[in-house]
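> Got a file for you: run.tsv, TSV, C-alpha atoms.
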chain	number	residue	atom	x	y	z
A	1	MET	CA	-14.79	-28.49	1.50
A	2	LYS	CA	-14.71	-27.72	-2.21
A	3	THR	CA	-11.65	-25.83	-3.44
A	4	GLY	CA	-12.55	-22.40	-4.81
A	5	ARG	CA	-11.20	-21.09	-8.10
A	6	ASN	CA	-9.02	-18.49	-6.37
A	7	ASP	CA	-7.90	-20.69	-3.47
A	8	PRO	CA	-4.30	-21.98	-3.33
A	9	CYS	CA	-4.05	-25.22	-5.28
A	10	LEU	CA	-4.06	-28.27	-3.04
A	11	CYS	CA	-1.07	-29.70	-4.90
A	12	GLY	CA	1.10	-27.17	-3.08
A	13	SER	CA	2.35	-25.35	-6.18
A	14	GLY	CA	1.58	-21.95	-4.71
A	15	LYS	CA	-0.57	-21.09	-7.72
A	16	LYS	CA	-4.31	-20.46	-7.70
A	17	TYR	CA	-6.45	-23.55	-8.26
A	18	LYS	CA	-7.96	-22.09	-11.45
A	19	ARG	CA	-4.48	-21.74	-12.97
A	20	CYS	CA	-3.13	-25.04	-11.81
A	21	CYS	CA	-4.87	-28.35	-11.20
A	22	MET	CA	-8.38	-27.18	-12.12
A	23	ASN	CA	-7.28	-27.08	-15.75
A	24	ASN	CA	-5.40	-30.37	-15.50
A	25	THR	CA	-8.21	-32.65	-14.32
A	26	ALA	CA	-8.06	-34.91	-17.35
A	27	LYS	CA	-4.29	-35.22	-17.06
A	28	GLN	CA	-4.55	-36.05	-13.36
A	29	HIS	CA	-7.26	-38.63	-13.96
A	30	GLY	CA	-5.08	-40.18	-16.63
A	31	GLU	CA	-2.07	-40.34	-14.31
A	32	VAL	CA	-4.14	-41.91	-11.53
A	33	SER	CA	-5.64	-44.40	-13.96
A	34	ASN	CA	-2.17	-45.34	-15.20
A	35	ASP	CA	-0.97	-45.73	-11.61
A	36	VAL	CA	-3.91	-47.99	-10.76
A	37	ASP	CA	-3.32	-50.13	-13.85
A	38	ALA	CA	0.40	-50.46	-13.09
A	39	LEU	CA	-0.14	-51.30	-9.44
A	40	LEU	CA	-2.81	-53.90	-10.20
A	41	ALA	CA	-0.70	-55.43	-12.96
A	42	MET	CA	2.14	-55.96	-10.48
A	43	ASN	CA	-0.08	-56.81	-7.50
A	44	PRO	CA	-3.44	-58.20	-8.72
A	45	ASP	CA	-4.51	-59.23	-5.20
A	46	LEU	CA	-4.33	-55.74	-3.65
A	47	THR	CA	-7.29	-54.76	-1.49
A	48	ILE	CA	-8.94	-51.36	-1.88
A	49	ASP	CA	-7.23	-50.11	1.29
A	50	GLU	CA	-3.84	-51.31	0.11
A	51	LEU	CA	-4.40	-49.72	-3.30
A	52	ASN	CA	-5.30	-46.38	-1.68
A	53	VAL	CA	-2.14	-46.49	0.43
A	54	ALA	CA	-0.04	-47.21	-2.65
A	55	LEU	CA	-1.69	-44.40	-4.63
A	56	GLN	CA	-1.11	-41.98	-1.76
A	57	HIS	CA	2.54	-42.96	-1.79
A	58	LYS	CA	2.69	-42.25	-5.53
A	59	ASN	CA	1.08	-38.85	-4.99
A	60	ASN	CA	3.56	-38.01	-2.24
A	61	GLU	CA	6.41	-38.95	-4.56
A	62	ARG	CA	5.11	-36.48	-7.17
A	63	ASN	CA	4.73	-33.67	-4.63
A	64	ASN	CA	8.28	-34.22	-3.41
A	65	GLN	CA	9.88	-34.12	-6.85
A	66	PRO	CA	11.92	-30.95	-7.57
A	67	LEU	CA	10.42	-28.70	-10.25
A	68	SER	CA	12.44	-26.48	-12.57
A	69	ASP	CA	9.73	-23.78	-12.32
A	70	PHE	CA	10.45	-23.64	-8.59
A	71	CYS	CA	14.24	-23.48	-9.10
A	72	GLY	CA	14.52	-27.06	-7.86
A	73	LEU	CA	12.10	-26.89	-4.94
A	74	SER	CA	9.36	-29.50	-4.71
A	75	PRO	CA	5.66	-28.54	-4.43
A	76	THR	CA	5.73	-29.75	-0.82
A	77	GLN	CA	8.71	-27.53	0.05
A	78	MET	CA	7.21	-24.55	-1.74
A	79	GLN	CA	3.94	-25.00	0.14
A	80	ASN	CA	5.86	-24.92	3.42
A	81	TRP	CA	7.66	-21.70	2.51
A	82	LEU	CA	4.47	-20.00	1.38
A	83	TYR	CA	2.08	-21.00	4.14
A	84	ALA	CA	3.89	-22.44	7.19
A	85	PRO	CA	4.20	-20.39	10.40
A	86	PHE	CA	7.54	-18.67	10.96
A	87	ASP	CA	8.76	-21.29	13.46
A	88	GLU	CA	7.79	-24.23	11.22
A	89	LEU	CA	9.73	-23.28	8.09
A	90	GLN	CA	11.79	-26.15	6.67
A	91	ARG	CA	15.14	-26.31	4.87
A	92	VAL	CA	16.22	-23.00	6.40
A	93	LYS	CA	17.78	-22.22	9.76
A	94	ILE	CA	17.02	-18.71	11.01
A	95	CYS	CA	19.69	-17.63	13.48
A	96	THR	CA	20.14	-14.68	15.81
A	97	PRO	CA	23.54	-13.14	14.95
A	98	GLU	CA	25.93	-12.51	17.82
A	99	ASP	CA	26.35	-8.93	16.62
A	100	VAL	CA	23.30	-7.07	15.29
A	101	SER	CA	24.84	-3.59	15.36
A	102	ALA	CA	24.84	-3.43	11.53
A	103	SER	CA	21.03	-3.66	11.51
A	104	PRO	CA	19.26	-0.28	11.50
A	105	VAL	CA	16.11	-1.88	12.91
A	106	MET	CA	17.90	-3.38	15.87
A	107	ARG	CA	19.91	-0.22	16.57
A	108	TYR	CA	16.75	1.89	16.57
A	109	LEU	CA	15.01	-0.61	18.83
A	110	THR	CA	17.97	-0.35	21.22
A	111	LEU	CA	17.50	3.43	21.40
A	112	ILE	CA	13.79	3.01	22.12
A	113	LEU	CA	14.37	0.44	24.86
A	114	ASP	CA	17.24	2.39	26.46
A	115	GLU	CA	15.16	5.55	26.56
A	116	ALA	CA	12.37	3.70	28.33
A	117	MET	CA	14.62	1.78	30.72
A	118	GLN	CA	16.22	5.03	31.85
A	119	ASN	CA	12.78	6.35	32.73
A	120	ASP	CA	11.19	3.49	34.69
A	121	GLY	CA	10.07	1.62	31.58
A	122	ALA	CA	8.27	4.42	29.71
A	123	PHE	CA	8.77	7.77	27.98
A	124	LYS	CA	6.46	10.48	26.72
A	125	ALA	CA	5.21	10.39	23.12
A	126	THR	CA	4.62	13.51	21.04
A	127	SER	CA	1.13	15.01	20.89
A	128	LYS	CA	0.68	13.13	17.60
A	129	GLY	CA	1.68	9.84	19.23
A	130	ASN	CA	5.13	9.60	17.67
A	131	LEU	CA	8.57	9.03	19.16
A	132	PRO	CA	10.09	12.14	20.77
A	133	ILE	CA	12.37	14.43	18.74
A	134	LYS	CA	15.31	13.64	21.05
A	135	LEU	CA	15.14	9.97	20.07
A	136	VAL	CA	14.64	10.82	16.38
A	137	LYS	CA	17.85	12.87	16.43
A	138	GLN	CA	19.78	10.05	18.10
A	139	ALA	CA	18.57	7.64	15.43
A	140	SER	CA	19.44	10.09	12.63
A	141	ASP	CA	22.97	10.42	14.00
A	142	LEU	CA	23.49	6.69	13.41
A	143	ARG	CA	23.04	7.00	9.64
A	144	ASP	CA	26.75	7.13	8.75
A	145	GLU	CA	27.39	3.92	10.69
A	146	PHE	CA	25.27	1.81	8.31
A	147	THR	CA	26.29	0.39	4.94
A	148	VAL	CA	22.93	1.37	3.44
A	149	GLY	CA	21.95	4.95	2.58
A	150	GLN	CA	25.51	6.12	1.94
A	151	ALA	CA	25.27	7.40	-1.66
A	152	PRO	CA	25.83	11.17	-2.01
A	153	TYR	CA	22.48	11.72	-3.70
A	154	VAL	CA	20.54	10.30	-0.72
A	155	LYS	CA	22.40	12.27	1.94
A	156	ASN	CA	19.70	14.95	1.82
A	157	ILE	CA	17.71	14.30	4.98
A	158	SER	CA	14.43	15.02	3.19
A	159	ILE	CA	14.77	11.97	0.93
A	160	CYS	CA	16.77	9.60	3.13
A	161	GLU	CA	15.01	6.59	4.66
A	162	PHE	CA	17.56	6.51	7.51
A	163	ALA	CA	17.19	10.03	8.88
A	164	GLY	CA	14.46	12.59	9.44
A	165	SER	CA	13.44	15.66	11.41
A	166	ASN	CA	10.60	13.71	13.02
A	167	GLU	CA	9.26	10.15	12.99
A	168	ASP	CA	6.80	10.83	10.16
A	169	LYS	CA	9.73	11.75	7.90
A	170	PHE	CA	11.98	8.90	9.04
A	171	ASN	CA	10.69	5.71	7.41
A	172	ALA	CA	13.18	3.22	8.85
A	173	LEU	CA	12.59	4.46	12.42
A	174	HIS	CA	8.81	4.55	11.98
A	175	TYR	CA	8.95	1.00	10.59
A	176	THR	CA	10.92	-0.12	13.65
A	177	ARG	CA	8.45	1.41	16.08
A	178	ILE	CA	5.51	-0.23	14.29
A	179	LEU	CA	7.26	-3.63	14.35
A	180	ALA	CA	8.05	-3.27	18.06
A	181	GLU	CA	4.34	-2.71	18.74
A	182	ILE	CA	3.26	-5.62	16.51
A	183	ALA	CA	5.81	-7.88	18.22
A	184	GLY	CA	4.40	-6.96	21.62
A	185	ILE	CA	7.59	-5.33	22.91
A	186	ILE	CA	6.21	-1.83	23.42
A	187	TYR	CA	2.77	-0.26	23.62
A	188	ARG	CA	1.34	3.27	23.85
A	189	ARG	CA	-0.97	4.28	26.68
A	190	SER	CA	-1.86	7.61	28.31
A	191	GLY	CA	0.47	9.57	26.04
A	192	LYS	CA	3.51	7.40	26.77
A	193	TYR	CA	5.37	4.51	25.19
A	194	HIS	CA	5.83	1.63	27.62
A	195	VAL	CA	8.10	-1.41	27.39
A	196	LYS	CA	6.27	-4.52	28.54
A	197	LYS	CA	7.51	-5.96	31.84
A	198	THR	CA	8.45	-9.25	30.21
A	199	ALA	CA	10.38	-7.38	27.51
A	200	GLN	CA	12.24	-5.39	30.16
A	201	LYS	CA	13.33	-8.61	31.84
A	202	ASP	CA	14.37	-10.17	28.52
A	203	TYR	CA	16.39	-7.07	27.63
A	204	GLN	CA	18.18	-7.03	30.95
A	205	LYS	CA	18.96	-10.75	30.77
A	206	HIS	CA	19.68	-11.35	27.06
A	207	GLY	CA	20.24	-7.91	25.52
A	208	ILE	CA	18.87	-6.69	22.20
A	209	GLN	CA	19.35	-10.15	20.63
A	210	ALA	CA	16.28	-11.32	22.56
A	211	PHE	CA	14.08	-9.36	20.15
A	212	PHE	CA	15.72	-10.21	16.83
A	213	LYS	CA	13.48	-13.15	15.93
A	214	PRO	CA	10.23	-11.67	17.35
A	215	MET	CA	10.83	-8.50	15.31
A	216	LEU	CA	11.72	-10.52	12.20
A	217	GLU	CA	8.61	-12.69	12.57
A	218	ALA	CA	6.48	-9.56	12.86
A	219	ALA	CA	8.11	-8.13	9.71
A	220	VAL	CA	7.43	-11.14	7.49
A	221	SER	CA	4.17	-12.40	8.97
A	222	ARG	CA	2.13	-9.49	10.35
A	223	TYR	CA	3.45	-6.17	9.04
A	224	ASN	CA	1.73	-4.75	5.95
A	225	TRP	CA	4.45	-4.35	3.31
A	226	ALA	CA	2.31	-1.87	1.35
A	227	TYR	CA	2.10	0.50	4.32
A	228	LEU	CA	4.84	2.94	3.26
A	229	ASP	CA	4.11	3.16	-0.48
A	230	ALA	CA	1.37	4.19	-2.89
A	231	PHE	CA	1.60	1.50	-5.56
A	232	ASP	CA	-1.70	0.72	-7.22
A	233	THR	CA	-1.72	-2.96	-6.32
A	234	ASP	CA	-2.84	-4.92	-3.28
A	235	PHE	CA	-1.14	-8.30	-3.88
A	236	ASP	CA	0.74	-9.64	-0.87
A	237	LEU	CA	4.39	-9.91	-1.90
A	238	ARG	CA	5.16	-10.87	1.70
A	239	THR	CA	3.86	-14.40	0.93
A	240	PHE	CA	6.94	-15.06	-1.21
A	241	TRP	CA	9.54	-13.50	1.10
A	242	LEU	CA	11.54	-16.65	1.83
A	243	PHE	CA	11.62	-17.84	-1.78
A	244	MET	CA	12.80	-14.37	-2.89
A	245	LEU	CA	15.41	-14.22	-0.14
A	246	TRP	CA	16.75	-17.66	-1.08
A	247	ARG	CA	17.02	-16.76	-4.74
A	248	LEU	CA	18.60	-13.36	-4.11
A	249	GLN	CA	21.09	-14.93	-1.70
A	250	SER	CA	21.96	-17.37	-4.51
A	251	HIS	CA	22.74	-14.85	-7.25
A	252	ALA	CA	22.22	-11.23	-6.03
A	253	ASN	CA	20.55	-10.33	-9.33
A	254	VAL	CA	17.26	-8.40	-9.21
A	255	GLY	CA	16.40	-8.97	-12.86
A	256	ARG	CA	16.91	-12.70	-12.51
A	257	LEU	CA	14.85	-12.72	-9.31
A	258	ILE	CA	11.90	-11.17	-11.14
A	259	ASP	CA	12.18	-13.76	-13.93
A	260	GLU	CA	12.11	-16.53	-11.32
A	261	LEU	CA	9.09	-15.00	-9.60
A	262	ASN	CA	7.26	-14.75	-12.92
A	263	THR	CA	8.00	-18.39	-13.73
A	264	ALA	CA	7.06	-19.79	-10.33
A	265	PHE	CA	4.04	-17.55	-9.73
A	266	PRO	CA	2.60	-16.37	-13.07
A	267	ASP	CA	-0.52	-15.00	-11.37
A	268	LEU	CA	1.60	-12.18	-9.95
A	269	LEU	CA	1.71	-10.51	-13.36
A	270	LEU	CA	-2.07	-10.77	-13.66
A	271	SER	CA	-2.41	-8.76	-10.45
A	272	MET	CA	-0.27	-5.90	-11.78
A	273	PRO	CA	-2.23	-2.76	-12.74
A	274	VAL	CA	-2.36	-1.47	-16.31
A	275	ASP	CA	0.31	1.22	-16.58
A	276	ARG	CA	1.03	3.31	-19.66
A	277	TYR	CA	4.76	3.46	-18.91
A	278	LEU	CA	5.55	0.08	-17.32
A	279	SER	CA	4.98	-3.49	-18.43
A	280	PRO	CA	3.67	-5.93	-15.77
A	281	PRO	CA	7.16	-7.43	-15.19
A	282	GLU	CA	8.66	-3.93	-14.82
A	283	TYR	CA	5.93	-2.93	-12.40
A	284	LEU	CA	6.53	-6.09	-10.37
A	285	ARG	CA	10.26	-5.36	-10.29
A	286	ILE	CA	9.77	-1.82	-9.00
A	287	VAL	CA	7.35	-2.99	-6.31
A	288	THR	CA	9.76	-5.77	-5.33
A	289	GLU	CA	12.69	-3.37	-5.13
A	290	SER	CA	10.68	-1.05	-2.90
A	291	ARG	CA	8.81	-3.45	-0.61
A	292	PHE	CA	11.24	-6.36	-0.40
A	293	ILE	CA	14.72	-4.92	-0.87
A	294	GLU	CA	14.56	-1.26	0.17
A	295	ARG	CA	12.03	-1.53	2.99
A	296	PHE	CA	12.79	-4.99	4.29
A	297	LEU	CA	16.32	-6.14	3.46
A	298	GLN	CA	17.82	-2.65	3.75
A	299	PHE	CA	15.97	-1.70	6.92
A	300	TRP	CA	17.29	-4.88	8.52
A	301	GLY	CA	20.85	-4.49	7.22
A	302	PHE	CA	20.66	-7.64	5.09
A	303	ALA	CA	21.37	-5.98	1.73
A	304	ALA	CA	21.99	-2.62	0.09
A	305	LEU	CA	20.24	-1.63	-3.14
A	306	GLU	CA	22.10	0.76	-5.40
A	307	PRO	CA	20.12	4.05	-5.36
A	308	LYS	CA	18.89	5.64	-8.56
A	309	ARG	CA	21.29	8.27	-9.82
A	310	SER	CA	18.36	10.39	-10.91
A	311	PHE	CA	14.60	10.12	-11.03
A	312	SER	CA	14.64	10.65	-14.79
A	313	GLU	CA	17.00	7.81	-15.71
A	314	LYS	CA	15.66	4.80	-17.57
A	315	SER	CA	14.21	2.23	-15.23
A	316	GLU	CA	16.50	-0.80	-15.08
A	317	PRO	CA	17.15	-3.45	-12.43
A	318	ARG	CA	19.42	-1.94	-9.80
A	319	LYS	CA	22.48	-3.64	-8.36
A	320	VAL	CA	22.02	-5.21	-4.94
A	321	ASN	CA	24.88	-5.92	-2.55
A	322	LEU	CA	24.36	-8.68	-0.01
A	323	LEU	CA	25.65	-7.80	3.46
A	324	PRO	CA	27.22	-10.19	6.03
A	325	LEU	CA	24.19	-10.07	8.32
A	326	LEU	CA	22.12	-11.91	5.69
A	327	ALA	CA	24.32	-15.01	5.69
A	328	ASP	CA	24.63	-14.82	9.48
A	329	THR	CA	20.83	-14.99	9.79
A	330	PHE	CA	19.58	-17.32	7.04
A	331	ARG	CA	21.22	-20.67	6.35
A	332	PHE	CA	19.48	-22.68	3.64
A	333	SER	CA	19.84	-26.44	3.20
A	334	ILE	CA	18.41	-27.06	-0.25
A	335	GLU	CA	19.78	-30.19	-1.90
Could you take the file, read its structure, and then write that structure out as structure tokens?


Amino acid sequence: MKTGRNDPCLCGSGKKYKRCCMNNTAKQHGEVSNDVDALLAMNPDLTIDELNVALQHKNNERNNQPLSDFCGLSPTQMQNWLYAPFDELQRVKICTPEDVSASPVMRYLTLILDEAMQNDGAFKATSKGNLPIKLVKQASDLRDEFTVGQAPYVKNISICEFAGSNEDKFNALHYTRILAEIAGIIYRRSGKYHVKKTAQKDYQKHGIQAFFKPMLEAAVSRYNWAYLDAFDTDFDLRTFWLFMLWRLQSHANVGRLIDELNTAFPDLLLSMPVDRYLSPPEYLRIVTESRFIERFLQFWGFAALEPKRSFSEKSEPRKVNLLPLLADTFRFSIE
């Protein structure tokens, strides 16, 4: 099948074909021609089949060479991180921590499961289909136990992601409920939330840790990261989640992370909308802070982003503090 202009480049760079190998055809032909000449000069009796095998080996060598644009990753490794299924990711070990109590998502899920288990596996939803107010209050009461959301200027319940008067006004709890449905742990039917029979058994046998990886897989593979915001862009930042997490774990610097994203994936800037106040890199940074750090890393208890002191202050990269749960979960083995 012919590669389309906007398809991922077959070289594994993660860039679109039109901005990668499509514009380097002459260079590639030259490299292949040089390889053929060199191979034939050293082995003039090679058959066509043997030559093809040798050329394939040369191509594999190129794709496995580290690239500075990818912070030392090879095209092959980058392709794995961008497109491989959650359970086939390489050079990273994703662990279930022994203690997940520092994770808002897992604590909220515990409340949901306990409420159901105390009522024969189900509990009544609100008329709108949300979690009951009793459970919302229990989740709100946990706010002071988390590292995130502790700044004085986000204590107001109306602007805090980790508290709310109902589920619609409580983003972290709503996010957790959506993930639990996507992960197949709970479902809503006949005005009630039910915990699946298999999930009940897993919870009784293994505790809340049984759902850590299924919830995480749902968050990075199937949940729509744009769901809770109104940014005027539809690019899928979720594709780059593991690369971003690796880089942020390396240096904990948001500004540097954005520079690395721009270098590795220049098409991201082309997908940014025209904004009279923000340059494309600034727009990308704000979207990344919101979708990746605030509403992924923070919701999970992996990191805490320094809140803005005021909505009128100049927009600058905000400080991010990495929390112990991040290192307990992700262990990279990049040479």

> Which residues come within 9 Å of range 172-181 of chain A, counting all atoms listed in the file, excluding same-chain residues fewer than 4 positions away, as a PDB file with C-alpha atoms, keeping the file's coordinate frame?


ATOM      1  CA  PRO A 104      19.260  -0.280  11.500  1.00  0.00           C
ATOM      2  CA  VAL A 105      16.110  -1.880  12.910  1.00  0.00           C
ATOM      3  CA  MET A 106      17.900  -3.380  15.870  1.00  0.00           C
ATOM      4  CA  TYR A 108      16.750   1.890  16.570  1.00  0.00           C
ATOM      5  CA  LEU A 109      15.010  -0.610  18.830  1.00  0.00           C
ATOM      6  CA  ILE A 112      13.790   3.010  22.120  1.00  0.00           C
ATOM      7  CA  ASN A 130       5.130   9.600  17.670  1.00  0.00           C
ATOM      8  CA  LEU A 131       8.570   9.030  19.160  1.00  0.00           C
ATOM      9  CA  VAL A 136      14.640  10.820  16.380  1.00  0.00           C
ATOM     10  CA  ALA A 139      18.570   7.640  15.430  1.00  0.00           C
ATOM     11  CA  SER A 140      19.440  10.090  12.630  1.00  0.00           C
ATOM     12  CA  GLU A 161      15.010   6.590   4.660  1.00  0.00           C
ATOM     13  CA  PHE A 162      17.560   6.510   7.510  1.00  0.00           C
ATOM     14  CA  ALA A 163      17.190  10.030   8.880  1.00  0.00           C
ATOM     15  CA  GLY A 164      14.460  12.590   9.440  1.00  0.00           C
ATOM     16  CA  GLU A 167       9.260  10.150  12.990  1.00  0.00           C
ATOM     17  CA  ASP A 168       6.800  10.830  10.160  1.00  0.00           C
ATOM     18  CA  ILE A 185       7.590  -5.330  22.910  1.00  0.00           C
ATOM     19  CA  ILE A 186       6.210  -1.830  23.420  1.00  0.00           C
ATOM     20  CA  TYR A 187       2.770  -0.260  23.620  1.00  0.00           C
ATOM     21  CA  ARG A 188       1.340   3.270  23.850  1.00  0.00           C
ATOM     22  CA  PHE A 211      14.080  -9.360  20.150  1.00  0.00           C
ATOM     23  CA  PRO A 214      10.230 -11.670  17.350  1.00  0.00           C
ATOM     24  CA  MET A 215      10.830  -8.500  15.310  1.00  0.00           C
ATOM     25  CA  LEU A 216      11.720 -10.520  12.200  1.00  0.00           C
ATOM     26  CA  ALA A 218       6.480  -9.560  12.860  1.00  0.00           C
ATOM     27  CA  ALA A 219       8.110  -8.130   9.710  1.00  0.00           C
ATOM     28  CA  ARG A 222       2.130  -9.490  10.350  1.00  0.00           C
ATOM     29  CA  TYR A 223       3.450  -6.170   9.040  1.00  0.00           C
ATOM     30  CA  LEU A 228       4.840   2.940   3.260  1.00  0.00           C
ATOM     31  CA  ARG A 295      12.030  -1.530   2.990  1.00  0.00           C
ATOM     32  CA  PHE A 299      15.970  -1.700   6.920  1.00  0.00           C
TER      33      PHE A 299
END

> I need the residue nearest Ile258 in chain A from this list: A:Asp120, A:Asp141, A:Asp328, A:Glu289. Use only C-alpha atoms for the distance.

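Using only C-alpha atoms, the shortest distance to Ile258 in chain A belongs to A:Glu289.
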
> For CA of Arg91 in chain A and CA of Arg285 in chain A, determine how far apart the two atoms are, in Å to one decimal place.

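Distance between the two atoms: 26.3 Å.
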
> Rounded to one decimal, what separation in Å do you get between CA of Ala84 in chain A and CA of Leu248 in chain A?

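Between CA of Ala84 in chain A and CA of Leu248 in chain A the gap is 20.7 Å.
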
> Between A:Gln77, A:Asn262, A:Thr239, A:Ser103, which is the closest to Gly301 in chain A once you count only C-alpha atoms?

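Closest to Gly301 in chain A of all the choices is A:Ser103.
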
> Would you mind reading off the distance between CA of Tyr227 in chain A and CA of Phe292 in chain A, one decimal, in Å?

12.4 Å

> Could you pull the residues within 8 Å of Asp69 in chain A, counting all atoms listed in the file, minus those fewer than 3 positions along the same chain, as a list in words?

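These residues fall inside the cut-off: Gly72, Glu260, Thr263 and Ala264 of chain A.
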
> Write out as a list in words which residues come within 9 Å of Leu261 in chain A when counting only C-alpha atoms, dropping same-chain ones fewer than 5 positions away.

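In the requested form, the answer reads Phe70, Phe240, Phe243, Met244, Arg256, Pro266 and Leu268 of chain A.
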
> Name the residues in contact with Gly121 in chain A at a cut-off of 6 Å, using all atoms listed in the file, excluding same-chain residues fewer than 5 positions from it; report them as a PyMOL selection string.

chain A and resi 116+194-195
